[in-house]
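These notes concern the structure reproduced below.
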Amino acid sequence: MAKKKNNVYLVETAPGQMKKFTNWPDCQAFVKGKPYRFAGGVDEAEARAKISGGAPAKQAKSSKGGWSGGGKATSDKPKNNYYLVEIEPDQYKTFTRWSDCQSFLKGKKLPYAGGVTEEEAKAKIERTRDMQLKYRDREPQGGGKKGAAVGSRPSEGICSDAGTHGNPGPCEYQVCDLKGKRLAYKHLGVHTNNYAELAGIEAMIEVAVTRGETILWTDSQIAMGWIKSGRLGPTVKEPEAIMVFVRSIQALLKKHPNLELKKWHTKQWGEIPADFGRKG
RNA sequence: ACAU
DNA sequence: CGATGT
Ligand SMILES: [Mn+2]
Ligand SMILES: [Mn+2]
């Protein structure tokens, strides 16, 4: 199979209104948690066709199947045959062509969804109505008050961090207490930054177990995500080795339920004490 | 965009 | 400025 690379990503922010992205991360970040339709394609026409062809407004959360094998933003979805617009509670207008639905929707802020059957579309509206209404009005504003507040600098626990010379490059990790005292250190050979962060977390857990520590800090959103989800994206280097670390860490955390792996908020608290101090 |  | 990742 020839690899057709997606070059363009379109997001339908409002009926008929497309936002264009030329890279997947930007598109993904924008669409995250929102009910927008989106699709990728070799060119804009292909992406648009996919959206119009009935790519369902799936939650950008995660596509559980085939994600690791692919590298494609869109996958085989059944074609939508019905498009419902919720005019009033429990009253729907039905369309059989997306373009008609789109015209009707123009300038309105009504919940809508497509589905292979009317029942499916109706159910989808039910599931996504809140988010649709919430985001429909809010496009101009960038400020959303989300996420737990970040408190003050922690005083409890231990931390790990990675250091590299080039990325990928010769790398190392260290585990420290919150005053910066080194508790463990290792050279790792040539790997990526995220590989080293992950290796450091595993070492940090071992240290925590032997020392009776329970709060474990890392600044790596990526490593934390791998551990929590148990899954890697299609672009990850050394995926087999990474997954060995991931499963090992998951097993350790399961075996020691008292351990808490937490995100170190560098912006608020300054560099994590295990940092190698090479950025400046 | 976010985290490195 | 470059790279690793969601
Ligand atoms: Mn780090
Ligand atoms: Mn660091």
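Starting from 1 in every chain, residues are counted up; chains themselves are A, B, ... following the order of the structure tokens, and ligands are numbered from 1 as listed.
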
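Residues surrounding Val150 (chain A) within 10 Å are Trp264, His265, Gln268 and Trp269 of chain A [only C-alpha atoms (C1' of nucleotides); sequence separation below 5 positions excluded].
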
What residues in chain A lie within 10 Å of chain C, counting only C-alpha atoms (C1' of nucleotides), written as a count of residues only? 22

Per-residue nearest contacts of chain A to ligand 1 (12 Å; only C-alpha atoms and all ligand atoms) as CSV:
```
residue,atom,partner,partner_atom_place_in_ligand_line,distance
A:Cys159,CA,ligand 1,1 (Mn),9.9
A:Ser160,CA,ligand 1,1 (Mn),7.7
A:Asp161,CA,ligand 1,1 (Mn),4.6
A:Ala162,CA,ligand 1,1 (Mn),5.2
A:Gly163,CA,ligand 1,1 (Mn),7.4
A:Thr164,CA,ligand 1,1 (Mn),10.0
A:Cys171,CA,ligand 1,1 (Mn),11.8
A:Glu172,CA,ligand 1,1 (Mn),11.0
A:Tyr173,CA,ligand 1,1 (Mn),9.2
A:Gln174,CA,ligand 1,1 (Mn),10.2
A:Val175,CA,ligand 1,1 (Mn),11.3
A:Thr192,CA,ligand 1,1 (Mn),11.7
A:Asn193,CA,ligand 1,1 (Mn),8.0
A:Asn194,CA,ligand 1,1 (Mn),8.3
A:Tyr195,CA,ligand 1,1 (Mn),10.8
A:Ala196,CA,ligand 1,1 (Mn),8.8
A:Glu197,CA,ligand 1,1 (Mn),6.3
A:Leu198,CA,ligand 1,1 (Mn),9.7
A:Ala199,CA,ligand 1,1 (Mn),11.5
A:Gly200,CA,ligand 1,1 (Mn),9.4
A:Ile201,CA,ligand 1,1 (Mn),10.4
A:Trp217,CA,ligand 1,1 (Mn),10.2
A:Thr218,CA,ligand 1,1 (Mn),6.8
A:Asp219,CA,ligand 1,1 (Mn),5.0
A:Ser220,CA,ligand 1,1 (Mn),5.5
A:Gln221,CA,ligand 1,1 (Mn),9.0
A:Ile222,CA,ligand 1,1 (Mn),9.9
A:Ala223,CA,ligand 1,1 (Mn),9.7
A:Met224,CA,ligand 1,1 (Mn),11.4
A:Lys263,CA,ligand 1,1 (Mn),10.5
A:Trp264,CA,ligand 1,1 (Mn),9.2
A:His265,CA,ligand 1,1 (Mn),10.8
A:Thr266,CA,ligand 1,1 (Mn),9.3
A:Gly270,CA,ligand 1,1 (Mn),11.8
A:Glu271,CA,ligand 1,1 (Mn),8.6
A:Ile272,CA,ligand 1,1 (Mn),7.5
A:Pro273,CA,ligand 1,1 (Mn),10.1
A:Ala274,CA,ligand 1,1 (Mn),8.3
A:Asp275,CA,ligand 1,1 (Mn),6.6
A:Phe276,CA,ligand 1,1 (Mn),8.8
A:Gly277,CA,ligand 1,1 (Mn),10.3
A:Arg278,CA,ligand 1,1 (Mn),11.0
A:Lys279,CA,ligand 1,1 (Mn),11.0
```

Separation of CA of Ser248 (chain A) and CA of Arg182 (chain A), in Å?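 It comes out at 22.9 Å.
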
List every residue of region 76-222 of chain A that DSSP, applied to the backbone, labels as strand (DSSP E), and write the result as a PyMOL selection string. chain A and resi 82-88+91-95+112-115+158-164+169-177+182-191+215-218

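For the choices A:Gly114, A:His187, A:Glu156, A:Lys267, the atom-to-atom distance to chain B is smallest for A:Lys267 when using only C-alpha atoms (C1' of nucleotides).
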
Go ahead and compute the interatomic distance for CA of Phe95 (chain A) and CA of Glu118 (chain A), in Å to one decimal.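 Separation of CA of Phe95 (chain A) and CA of Glu118 (chain A): 9.6 Å.
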
Can you pull out every residue within 10 Å of Tyr92 (chain A), counting only C-alpha atoms (C1' of nucleotides), but drop anything in the same chain fewer than 3 positions away, and send it as a list in words?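 Close residues of Tyr92 (chain A): Tyr83, Leu84, Val85, Glu86, Ile87, Glu88, Pro89, Phe95, Pro111, Tyr112 and Lys122 of chain A.
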
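Counting from CA of Lys50 (chain A), the distance to CA of Asn23 (chain A) is 17.2 Å.
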
Residue nearest chain B among A:Gly280, A:Asp100, A:Glu213, A:Cys27 (counting only C-alpha atoms (C1' of nucleotides)): A:Cys27
